[in-house]
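File shown: protein_14.tsv (TSV, C-alpha atoms and all ligand atoms).
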chain	number	residue	atom	x	y	z
A	158	MET	CA	-18.85	2.31	-16.78
A	159	LEU	CA	-17.62	-1.25	-16.22
A	160	VAL	CA	-13.84	-1.27	-15.83
A	161	LEU	CA	-11.42	-4.19	-15.67
A	162	THR	CA	-8.41	-3.29	-13.52
A	163	ILE	CA	-5.04	-5.06	-13.46
A	164	GLU	CA	-2.25	-4.72	-10.87
A	165	SER	CA	1.12	-6.48	-11.02
A	166	SER	CA	3.66	-3.97	-9.68
A	167	CYS	CA	5.28	-6.16	-7.04
A	168	ASP	CA	4.42	-9.63	-5.75
A	169	GLU	CA	0.65	-9.75	-6.06
A	170	THR	CA	-1.11	-10.50	-9.33
A	171	SER	CA	-4.56	-8.98	-9.18
A	172	ALA	CA	-7.55	-8.28	-11.40
A	173	ALA	CA	-10.83	-6.64	-10.48
A	174	VAL	CA	-14.07	-5.49	-12.02
A	175	VAL	CA	-15.30	-2.10	-10.78
A	176	ARG	CA	-18.53	-0.36	-11.78
A	177	ASP	CA	-18.58	3.44	-12.07
A	178	GLY	CA	-15.43	3.78	-9.98
A	179	GLN	CA	-17.45	2.88	-6.91
A	180	GLN	CA	-18.74	-0.66	-6.78
A	181	VAL	CA	-16.31	-3.56	-6.59
A	182	LEU	CA	-17.89	-6.56	-8.34
A	183	ALA	CA	-14.81	-8.76	-7.94
A	184	ASN	CA	-11.27	-8.25	-6.64
A	185	ILE	CA	-9.05	-11.31	-7.10
A	186	VAL	CA	-5.50	-11.35	-5.66
A	187	ALA	CA	-2.96	-14.13	-6.26
A	188	SER	CA	-0.13	-13.63	-3.78
A	189	GLN	CA	3.42	-14.81	-4.49
A	190	VAL	CA	4.48	-14.42	-0.87
A	191	ASP	CA	5.35	-18.11	-0.45
A	192	VAL	CA	7.69	-17.99	-3.45
A	193	HIS	CA	9.70	-15.04	-2.13
A	194	ALA	CA	9.58	-15.85	1.59
A	195	ARG	CA	12.50	-18.26	1.44
A	196	TYR	CA	14.70	-15.56	-0.11
A	197	GLY	CA	13.74	-12.97	2.51
A	198	GLY	CA	12.45	-10.50	-0.09
A	199	VAL	CA	10.94	-10.20	-3.54
A	200	VAL	CA	13.12	-11.75	-6.29
A	201	PRO	CA	12.24	-9.70	-9.40
A	202	GLU	CA	12.73	-12.48	-12.00
A	203	LEU	CA	10.60	-14.90	-10.00
A	204	ALA	CA	7.95	-12.22	-9.59
A	205	SER	CA	7.71	-11.66	-13.37
A	206	ARG	CA	7.47	-15.38	-14.04
A	207	LYS	CA	4.75	-15.87	-11.43
A	208	HIS	CA	2.79	-12.92	-12.79
A	209	MET	CA	2.89	-14.48	-16.25
A	210	GLN	CA	1.55	-17.75	-14.89
A	211	ALA	CA	-1.21	-16.09	-12.87
A	212	ILE	CA	-2.41	-13.11	-14.88
A	213	SER	CA	-4.90	-14.82	-17.23
A	214	VAL	CA	-6.21	-16.95	-14.40
A	215	VAL	CA	-6.95	-13.99	-12.12
A	216	ILE	CA	-8.58	-12.02	-14.94
A	217	ASP	CA	-10.84	-14.98	-15.83
A	218	GLU	CA	-11.67	-15.44	-12.17
A	219	ALA	CA	-12.49	-11.74	-11.69
A	220	LEU	CA	-14.79	-11.71	-14.74
A	221	GLU	CA	-16.51	-14.89	-13.62
A	222	LYS	CA	-16.99	-13.71	-10.05
A	223	ALA	CA	-18.35	-10.38	-11.30
A	224	GLY	CA	-20.77	-12.30	-13.55
A	225	VAL	CA	-19.59	-10.51	-16.69
A	226	THR	CA	-17.58	-11.29	-19.83
A	227	LEU	CA	-14.99	-9.29	-21.72
A	228	ASP	CA	-17.82	-8.17	-24.03
A	229	ASP	CA	-19.25	-6.17	-21.10
A	230	ILE	CA	-15.98	-4.43	-20.21
A	231	GLU	CA	-15.94	-0.77	-21.27
A	232	GLY	CA	-12.47	0.23	-20.09
A	233	ILE	CA	-9.22	-1.21	-18.76
A	234	ALA	CA	-7.07	0.40	-16.05
A	235	VAL	CA	-3.63	-0.99	-15.32
A	236	THR	CA	-0.84	-0.08	-12.89
A	237	ARG	CA	1.80	1.72	-14.93
A	238	GLY	CA	4.24	2.25	-12.05
A	239	PRO	CA	6.09	2.59	-9.80
A	240	GLY	CA	7.24	-0.97	-9.22
A	241	LEU	CA	9.46	-3.75	-10.56
A	242	VAL	CA	9.86	-3.31	-14.31
A	243	GLY	CA	9.39	-6.96	-15.27
A	244	ALA	CA	6.38	-7.28	-13.00
A	245	LEU	CA	4.75	-4.11	-14.32
A	246	LEU	CA	5.33	-5.17	-17.92
A	247	VAL	CA	3.31	-8.36	-17.46
A	248	GLY	CA	0.23	-6.38	-16.39
A	249	LEU	CA	0.79	-3.73	-19.06
A	250	ALA	CA	1.29	-6.21	-21.91
A	251	THR	CA	-1.83	-8.11	-20.86
A	252	ALA	CA	-3.90	-4.93	-20.58
A	253	LYS	CA	-2.68	-3.67	-23.96
A	254	ALA	CA	-3.35	-7.01	-25.65
A	255	LEU	CA	-6.92	-7.08	-24.32
A	256	ALA	CA	-7.48	-3.43	-25.22
A	257	PHE	CA	-6.20	-3.99	-28.76
A	258	ALA	CA	-8.00	-7.26	-29.37
A	259	ARG	CA	-11.33	-6.01	-28.02
A	260	ASN	CA	-10.99	-2.35	-28.96
A	261	ILE	CA	-11.45	-1.26	-25.34
A	262	PRO	CA	-10.04	2.08	-24.09
A	263	LEU	CA	-7.02	1.73	-21.81
A	264	VAL	CA	-5.50	3.90	-19.09
A	265	GLY	CA	-2.37	3.62	-16.92
A	266	VAL	CA	-2.76	4.46	-13.23
A	267	HIS	CA	-0.16	5.30	-10.57
A	268	HIS	CA	0.05	2.58	-7.91
A	269	MET	CA	0.00	5.07	-5.00
A	270	GLU	CA	-2.91	6.91	-6.55
A	271	GLY	CA	-4.73	3.60	-6.31
A	272	HIS	CA	-3.85	3.27	-2.62
A	273	ILE	CA	-4.87	6.79	-1.56
A	274	LEU	CA	-8.22	6.65	-3.42
A	275	ALA	CA	-9.08	3.12	-2.24
A	276	PRO	CA	-11.36	4.21	0.64
A	277	LEU	CA	-13.71	5.82	-1.90
A	278	LEU	CA	-14.71	2.30	-2.96
A	279	GLU	CA	-16.27	1.74	0.46
A	280	GLN	CA	-17.47	5.08	1.74
A	281	GLU	CA	-17.84	8.71	0.85
A	282	VAL	CA	-14.80	10.77	1.76
A	283	ALA	CA	-15.18	14.38	0.66
A	284	PHE	CA	-12.19	16.19	-0.85
A	285	PRO	CA	-9.90	17.69	0.27
A	286	TYR	CA	-8.28	15.15	2.57
A	287	LEU	CA	-4.87	14.28	3.90
A	288	ALA	CA	-3.59	10.85	2.85
A	289	LEU	CA	-0.89	8.92	4.66
A	290	ALA	CA	0.29	6.25	2.23
A	291	VAL	CA	2.35	3.61	4.00
A	292	SER	CA	3.45	0.49	2.17
A	293	GLY	CA	6.51	-1.63	1.47
A	294	GLY	CA	7.87	1.02	-0.88
A	295	HIS	CA	6.33	4.29	0.30
A	296	SER	CA	5.73	6.48	3.34
A	297	HIS	CA	4.20	9.59	1.86
A	298	LEU	CA	1.85	12.32	3.02
A	299	TYR	CA	-0.33	13.81	0.30
A	300	ARG	CA	-2.91	16.52	0.19
A	301	VAL	CA	-5.69	15.15	-2.03
A	302	ASP	CA	-7.90	17.82	-3.60
A	303	GLY	CA	-9.61	15.53	-6.07
A	304	ILE	CA	-8.89	12.68	-8.45
A	305	GLY	CA	-5.61	13.56	-10.17
A	306	ARG	CA	-5.01	16.53	-7.84
A	307	TYR	CA	-2.31	15.58	-5.34
A	308	GLN	CA	0.29	17.61	-3.51
A	309	ILE	CA	3.09	15.82	-1.77
A	310	LEU	CA	3.67	17.20	1.74
A	311	GLY	CA	6.25	14.73	3.05
A	312	ARG	CA	8.00	11.49	2.27
A	313	THR	CA	10.43	9.03	3.76
A	314	LEU	CA	14.09	9.97	3.42
A	315	ASP	CA	15.22	6.33	3.64
A	316	ASP	CA	13.25	3.16	4.43
A	317	ALA	CA	9.50	3.04	3.87
A	318	ALA	CA	7.42	2.15	6.93
A	319	GLY	CA	6.60	-1.33	5.61
A	320	GLU	CA	10.22	-1.87	4.68
A	321	ALA	CA	11.22	-1.04	8.28
A	322	PHE	CA	8.65	-3.53	9.60
A	323	ASP	CA	9.93	-6.20	7.20
A	324	LYS	CA	13.62	-5.59	8.00
A	325	VAL	CA	13.02	-5.61	11.74
A	326	ALA	CA	10.95	-8.78	11.43
A	327	LYS	CA	13.88	-10.36	9.61
A	328	LEU	CA	16.30	-9.27	12.37
A	329	LEU	CA	13.97	-10.90	14.89
A	330	GLY	CA	13.79	-14.11	12.84
A	331	LEU	CA	10.09	-13.67	12.05
A	332	GLY	CA	10.28	-14.39	8.31
A	333	TYR	CA	9.21	-12.30	5.32
A	334	PRO	CA	7.13	-10.21	4.98
A	335	GLY	CA	6.96	-9.68	8.72
A	336	GLY	CA	4.80	-6.57	9.20
A	337	ALA	CA	1.69	-8.53	10.12
A	338	VAL	CA	3.66	-10.85	12.44
A	339	VAL	CA	5.18	-7.90	14.31
A	340	ASP	CA	1.66	-6.45	14.60
A	341	ARG	CA	0.33	-9.70	16.12
A	342	LEU	CA	3.21	-10.00	18.61
A	343	ALA	CA	2.98	-6.32	19.52
A	344	ALA	CA	-0.62	-6.79	20.63
A	345	GLU	CA	0.65	-8.79	23.61
A	346	GLY	CA	3.77	-6.76	24.37
A	347	ASP	CA	4.66	-3.68	26.41
A	348	PRO	CA	5.12	-0.70	24.05
A	349	ALA	CA	7.16	1.13	26.70
A	350	ALA	CA	9.62	-1.72	27.34
A	351	ILE	CA	12.37	-0.32	25.09
A	352	ASP	CA	12.78	3.33	24.19
A	353	PHE	CA	13.48	3.21	20.45
A	354	PRO	CA	14.24	6.55	18.73
A	355	ARG	CA	11.48	8.66	17.12
A	356	PRO	CA	13.40	10.05	14.10
A	357	LEU	CA	12.50	13.50	12.75
A	358	LEU	CA	9.57	13.74	15.16
A	359	HIS	CA	10.45	17.27	16.21
A	360	LYS	CA	11.76	18.45	12.83
A	361	ASP	CA	9.67	21.18	11.31
A	362	ASN	CA	8.69	19.23	8.20
A	363	PHE	CA	6.55	16.25	7.20
A	364	ASP	CA	9.29	13.88	6.14
A	365	PHE	CA	9.92	10.50	7.75
A	366	SER	CA	13.01	8.42	8.42
A	367	PHE	CA	12.86	4.86	9.67
A	368	SER	CA	16.35	3.50	9.14
A	369	GLY	CA	17.50	4.80	12.57
A	370	ILE	CA	14.86	2.74	14.39
A	371	LYS	CA	15.96	-0.30	12.41
A	372	THR	CA	19.61	0.30	13.34
A	373	ALA	CA	18.65	0.75	17.01
A	374	MET	CA	16.90	-2.63	16.77
A	375	LEU	CA	20.03	-4.19	15.26
A	376	TYR	CA	22.12	-2.97	18.22
A	377	HIS	CA	19.47	-4.17	20.65
A	378	VAL	CA	19.44	-7.65	19.09
A	379	LYS	CA	23.25	-7.80	19.07
A	380	ALA	CA	23.43	-6.78	22.74
A	381	GLN	CA	21.44	-9.85	23.81
A	382	SER	CA	23.24	-13.00	24.89
A	383	GLY	CA	20.83	-15.23	22.94
A	384	PRO	CA	17.80	-15.11	20.64
A	385	ILE	CA	14.94	-12.88	21.76
A	386	GLN	CA	11.95	-15.06	22.61
A	387	GLY	CA	8.69	-15.27	24.49
A	388	GLN	CA	7.45	-12.18	26.31
A	389	GLN	CA	10.69	-10.35	25.56
A	390	LEU	CA	10.02	-10.77	21.81
A	391	LYS	CA	6.51	-9.39	22.23
A	392	ASP	CA	7.86	-6.41	24.19
A	393	VAL	CA	10.49	-5.69	21.53
A	394	ALA	CA	7.85	-5.90	18.76
A	395	ALA	CA	5.47	-3.65	20.68
A	396	SER	CA	8.19	-1.07	21.43
A	397	PHE	CA	9.35	-0.97	17.80
A	398	GLN	CA	5.80	-0.66	16.51
A	399	GLN	CA	5.06	2.08	19.03
A	400	ALA	CA	8.04	4.13	17.80
A	401	VAL	CA	7.04	3.85	14.12
A	402	VAL	CA	3.35	4.40	14.73
A	403	GLU	CA	3.91	7.39	17.03
A	404	VAL	CA	6.02	9.18	14.40
A	405	LEU	CA	3.48	8.41	11.66
A	406	CYS	CA	0.51	9.58	13.74
A	407	LYS	CA	2.05	12.71	15.24
A	408	LYS	CA	3.39	13.96	11.92
A	409	THR	CA	0.14	13.19	10.12
A	410	LEU	CA	-1.92	15.03	12.71
A	411	ARG	CA	0.47	17.97	12.65
A	412	ALA	CA	0.09	18.16	8.87
A	413	ALA	CA	-3.70	17.95	9.19
A	414	ARG	CA	-3.62	20.89	11.59
A	415	GLN	CA	-1.18	22.98	9.56
A	416	PHE	CA	-3.04	22.47	6.26
A	417	ASP	CA	-6.42	22.58	7.97
A	418	LEU	CA	-7.62	19.22	6.64
A	419	GLN	CA	-10.60	17.74	8.47
A	420	ARG	CA	-10.36	14.28	6.95
A	421	ILE	CA	-7.45	11.83	7.03
A	422	VAL	CA	-7.08	8.68	4.93
A	423	VAL	CA	-4.55	6.03	5.90
A	424	ALA	CA	-3.76	3.66	3.03
A	425	GLY	CA	-1.28	1.00	1.87
A	426	GLY	CA	-0.31	-2.34	3.39
A	427	VAL	CA	0.88	-0.83	6.69
A	428	ALA	CA	-2.59	0.69	7.15
A	429	CYS	CA	-3.61	-2.84	8.20
A	430	ASN	CA	-1.54	-2.35	11.36
A	431	LYS	CA	-3.78	-2.46	14.42
A	432	GLY	CA	-1.56	-0.21	16.51
A	433	LEU	CA	-1.52	2.43	13.77
A	434	ARG	CA	-5.29	2.23	13.37
A	435	ARG	CA	-5.85	2.62	17.09
A	436	MET	CA	-3.45	5.52	17.70
A	437	MET	CA	-4.48	7.42	14.56
A	438	ALA	CA	-8.18	7.08	15.44
A	439	GLU	CA	-7.51	8.31	19.00
A	440	MET	CA	-5.35	11.27	18.01
A	441	ALA	CA	-7.71	12.30	15.20
A	442	ALA	CA	-10.68	12.16	17.59
A	443	GLU	CA	-8.81	14.38	20.07
A	444	GLN	CA	-8.46	17.00	17.33
A	445	GLY	CA	-12.02	16.50	16.10
A	446	ARG	CA	-10.87	15.13	12.73
A	447	GLU	CA	-12.26	12.15	10.86
A	448	VAL	CA	-10.02	9.26	9.89
A	449	PHE	CA	-10.76	6.66	7.21
A	450	PHE	CA	-9.05	3.30	6.73
A	451	PRO	CA	-9.86	1.05	3.79
A	452	SER	CA	-10.67	-2.53	4.82
A	453	PRO	CA	-7.52	-4.72	4.88
A	454	ALA	CA	-8.25	-6.25	1.44
A	455	LEU	CA	-8.19	-2.76	-0.07
A	456	CYS	CA	-5.10	-1.67	1.93
A	457	GLN	CA	-2.85	-4.40	0.59
A	458	ASP	CA	-1.95	-4.46	-3.07
A	459	ASN	CA	-5.06	-5.20	-5.12
A	460	ALA	CA	-6.47	-4.23	-8.50
A	461	ALA	CA	-9.82	-2.81	-7.35
A	462	MET	CA	-8.07	0.25	-5.90
A	463	LEU	CA	-7.19	1.35	-9.46
A	464	GLY	CA	-10.88	1.55	-10.29
A	465	VAL	CA	-11.52	5.00	-8.83
A	466	ALA	CA	-8.90	6.91	-10.83
A	467	GLY	CA	-9.16	4.54	-13.81
A	468	ASN	CA	-12.88	5.16	-14.20
A	469	ALA	CA	-12.48	8.93	-13.87
A	470	TYR	CA	-9.71	9.16	-16.45
A	471	LEU	CA	-11.48	6.87	-18.91
A	472	GLU	CA	-14.66	8.94	-18.58
A	473	GLN	CA	-12.62	12.06	-19.30
A	474	GLY	CA	-11.22	10.35	-22.40
A	475	LEU	CA	-7.67	10.41	-21.03
A	476	CYS	CA	-6.85	7.11	-22.72
A	477	ALA	CA	-3.41	5.67	-23.31
A	478	ASP	CA	-2.01	4.52	-26.63
A	479	LEU	CA	-0.70	1.01	-27.15
A	480	ASP	CA	2.86	2.27	-26.65
A	481	LEU	CA	2.07	2.83	-22.95
A	482	ASN	CA	5.22	1.83	-21.07
A	483	ALA	CA	6.08	1.04	-17.46
A	484	ARG	CA	7.45	3.81	-15.25
A	485	VAL	CA	9.62	2.20	-12.60
A	486	ASN	CA	10.24	5.47	-10.73
A	487	TRP	CA	7.21	7.62	-11.15
A	488	PRO	CA	6.58	10.47	-8.74
A	489	LEU	CA	2.94	11.21	-7.88
B	1	LIG	O1	0.78	-1.89	-0.04
B	1	LIG	P1	1.45	-3.20	0.09
B	1	LIG	O2	0.62	-4.45	0.09
B	1	LIG	O3	2.54	-3.40	-1.01
B	1	LIG	C1	3.36	-2.36	-1.44
B	1	LIG	O4	2.93	-1.54	-2.28
B	1	LIG	O5	4.49	-2.30	-0.91
B	1	LIG	O6	2.31	-3.13	1.46
B	1	LIG	C2	3.09	-4.22	1.88
B	1	LIG	C3	3.75	-3.85	3.20
B	1	LIG	C4	4.77	-4.89	3.66
B	1	LIG	O7	5.94	-4.20	4.04
B	1	LIG	C5	4.08	-5.53	4.86
B	1	LIG	O8	4.98	-6.03	5.83
B	1	LIG	C6	3.29	-4.37	5.40
B	1	LIG	O9	2.77	-3.74	4.26
B	1	LIG	N1	2.19	-4.81	6.27
B	1	LIG	C7	2.12	-4.49	7.59
B	1	LIG	C8	0.96	-5.11	8.09
B	1	LIG	N2	0.37	-5.80	7.07
B	1	LIG	C9	1.14	-5.59	5.96
B	1	LIG	N3	2.91	-3.72	8.36
B	1	LIG	C10	2.57	-3.58	9.64
B	1	LIG	N4	1.49	-4.17	10.20
B	1	LIG	C11	0.65	-4.93	9.48
B	1	LIG	N5	-0.42	-5.48	10.02
B	2	ZN	ZN	1.13	-1.02	-2.72

Can you turn what I pasted into C-alpha cells?
Amino acid sequence: MLVLTIESSCDETSAAVVRDGQQVLANIVASQVDVHARYGGVVPELASRKHMQAISVVIDEALEKAGVTLDDIEGIAVTRGPGLVGALLVGLATAKALAFARNIPLVGVHHMEGHILAPLLEQEVAFPYLALAVSGGHSHLYRVDGIGRYQILGRTLDDAAGEAFDKVAKLLGLGYPGGAVVDRLAAEGDPAAIDFPRPLLHKDNFDFSFSGIKTAMLYHVKAQSGPIQGQQLKDVAASFQQAVVEVLCKKTLRAARQFDLQRIVVAGGVACNKGLRRMMAEMAAEQGREVFFPSPALCQDNAAMLGVAGNAYLEQGLCADLDLNARVNWPL
C-alpha cells in the first residue's frame, strides 16, 4: 500500500510517501526553526501560518521525489495529536481535503506512536520492546507489544527531556532550540565537572523529572561573576547532559530488566543526542540487551514515521471520517 503521510504538530511541516509501512520513498521536512528562534520558543500563530505556506509545497515535493502522483496514493495518514491546535489543524484540513477530493481512505495517527515505531522503517525490531520516547514535549517509557498495543510505564512529571535541554541552552545563551548545541559542546567538556542532581533516580518507579536539574543550572549560572564561556561552558554542558542522560539510561535499563524486555528503542528528537546514544548502548550491552536508534532524520519530527502505524490501520480498515478533529492532549 502506498501511503502519503502528513505531520504538522509543532514547528516542522513534513510530508512523506511510504510503501507498505516499511519503505520510505520520500520524507520532506520544512523546518520553521529560524522563524521561532528569535522568540526563544515556538510561537503558535506563526507556526500555523508557516504550515499553511509550506504544506502544499512539501506534499508536492514528497510526491515528486517518490516518483509518484496523487493517483498512485492509496491511503493518507496524518498526525492527529498531540500538538499545537492550529498547527495540527493545517495538516488535518489538508489531509481531509485530499482524501475527500480523491476518495482516498484517511487515518489519524498519534505523534508519539509515530516516534516509537520509527525504527521499523529502517530495521526489523521484534515485538515486544521497551521504547524511551524523548522529545521537546515528551519523556515517556512505553512497553510496545505491537502496532496499537502500548502500555505506558513511566513519564515525566514536569519538563520533557528536550524541554530541559532547550531551557538550559537558553540559560547558557546558546539560542533556541539548543539541544543539539549542548550536545556539541558537551563532546569537549568534562561530564564530572559539576555534580548536577539526578532527580528520581532512586525512586521505585519509571517516572522522570527534569525541572530540578534546570533549577540547579539556574543557580549555577547566577553564582558566576560573569558569563560562562570557553572550556567552562563545555564542562557545564557536559555535566548537565551527563545528569539527564544518566537518569534516562538507568531508569530505562531498570525497566527493561523488571519487565524482561530484550530490546530497547530510543526515539524522538533527543534520541539524536550522542551522549545518550553512547551511554544507552554501553549499558544495554552490559545487560546483554539490544538497543535501536532511528537515524537522526527519523528521530526528529518527520512525516515518514507515521507510515508504520498509518499503513497498519488503513490495511485493517480503521479509517477516519471527514469530521476527524485534532486532539491537543491525547494520551497514548
Ligand atoms: O521530536 P522532536 O523533533 O520534536 C518534538 O516532538 O518535540 O524533538 C525536539 C527536541 C528539542 O527539544 C531539541 O532541542 C531536542 O529534541 N534535540 C536534542 C538534540 N537534537 C534535538 N536534544 C539533545 N541533543 C540533541 N542532539
Ligand atoms: Zn516529536

What are the closest atom pairs, with distances in Å to one decimal, for each residue of segment 428-482 of chain A lying within 8 Å of segment 290-314 of chain A, using all atoms listed in the file, rows by chain and rising residue number, as a tab-separated table?
residue	atom	partner	partner_atom	distance
A:Ala428	CA	A:Val291	CA	6.5
A:Ala466	CA	A:Ile304	CA	6.2
A:Ala469	CA	A:Ile304	CA	7.5

Exercise for the section: Could you give me, as a list in words, every polymer residue with an atom at most 6 Å away from an atom of ligand LIG 1 (chain B), counting only C-alpha atoms and all ligand atoms? Expected result: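 Listed by chain and ascending number, the contacts are Ser292, Gly293, Gly294, Gly319, Glu320, Phe322, Asp323, Pro334, Gly335, Gly336, Ala337, Asp340, Gly425, Gly426, Val427, Cys429, Asn430, Gln457 and Asp458 of chain A.
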
Could those residues be written to a file, using C-alpha atoms, as a PDB file, keeping the file's coordinate frame?
ATOM      1  CA  SER A 292       3.450   0.490   2.170  1.00  0.00           C
ATOM      2  CA  GLY A 293       6.510  -1.630   1.470  1.00  0.00           C
ATOM      3  CA  GLY A 294       7.870   1.020  -0.880  1.00  0.00           C
ATOM      4  CA  GLY A 319       6.600  -1.330   5.610  1.00  0.00           C
ATOM      5  CA  GLU A 320      10.220  -1.870   4.680  1.00  0.00           C
ATOM      6  CA  PHE A 322       8.650  -3.530   9.600  1.00  0.00           C
ATOM      7  CA  ASP A 323       9.930  -6.200   7.200  1.00  0.00           C
ATOM      8  CA  PRO A 334       7.130 -10.210   4.980  1.00  0.00           C
ATOM      9  CA  GLY A 335       6.960  -9.680   8.720  1.00  0.00           C
ATOM     10  CA  GLY A 336       4.800  -6.570   9.200  1.00  0.00           C
ATOM     11  CA  ALA A 337       1.690  -8.530  10.120  1.00  0.00           C
ATOM     12  CA  ASP A 340       1.660  -6.450  14.600  1.00  0.00           C
ATOM     13  CA  GLY A 425      -1.280   1.000   1.870  1.00  0.00           C
ATOM     14  CA  GLY A 426      -0.310  -2.340   3.390  1.00  0.00           C
ATOM     15  CA  VAL A 427       0.880  -0.830   6.690  1.00  0.00           C
ATOM     16  CA  CYS A 429      -3.610  -2.840   8.200  1.00  0.00           C
ATOM     17  CA  ASN A 430      -1.540  -2.350  11.360  1.00  0.00           C
ATOM     18  CA  GLN A 457      -2.850  -4.400   0.590  1.00  0.00           C
ATOM     19  CA  ASP A 458      -1.950  -4.460  -3.070  1.00  0.00           C
TER      20      ASP A 458
END

Handout entry: d(atom CA of Ala373 of chain A, atom CA of Leu410 of chain A) in Å
Key =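 Going from atom CA of Ala373 of chain A over to atom CA of Leu410 of chain A covers 25.4 Å.
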
Problem - d(atom CA of Ala460 of chain A, atom CA of Leu241 of chain A) in Å - result: 16.1 Å

Practice task
Identify, on the basis of only C-alpha atoms, every residue whose closest approach to Ile261 of chain A does not exceed 7 Å; exclude the query and any residue fewer than 3 positions from it along the same chain; express the result as a ChimeraX atom specification.
Solution key: /A:231-233,256-257

Problem - Long-range neighbours of Pro356 of chain A as a ChimeraX atom specification, 7 Å cut-off, all atoms listed in the file, 2 positions minimum in chain - result: /A:354,358,366-367,369
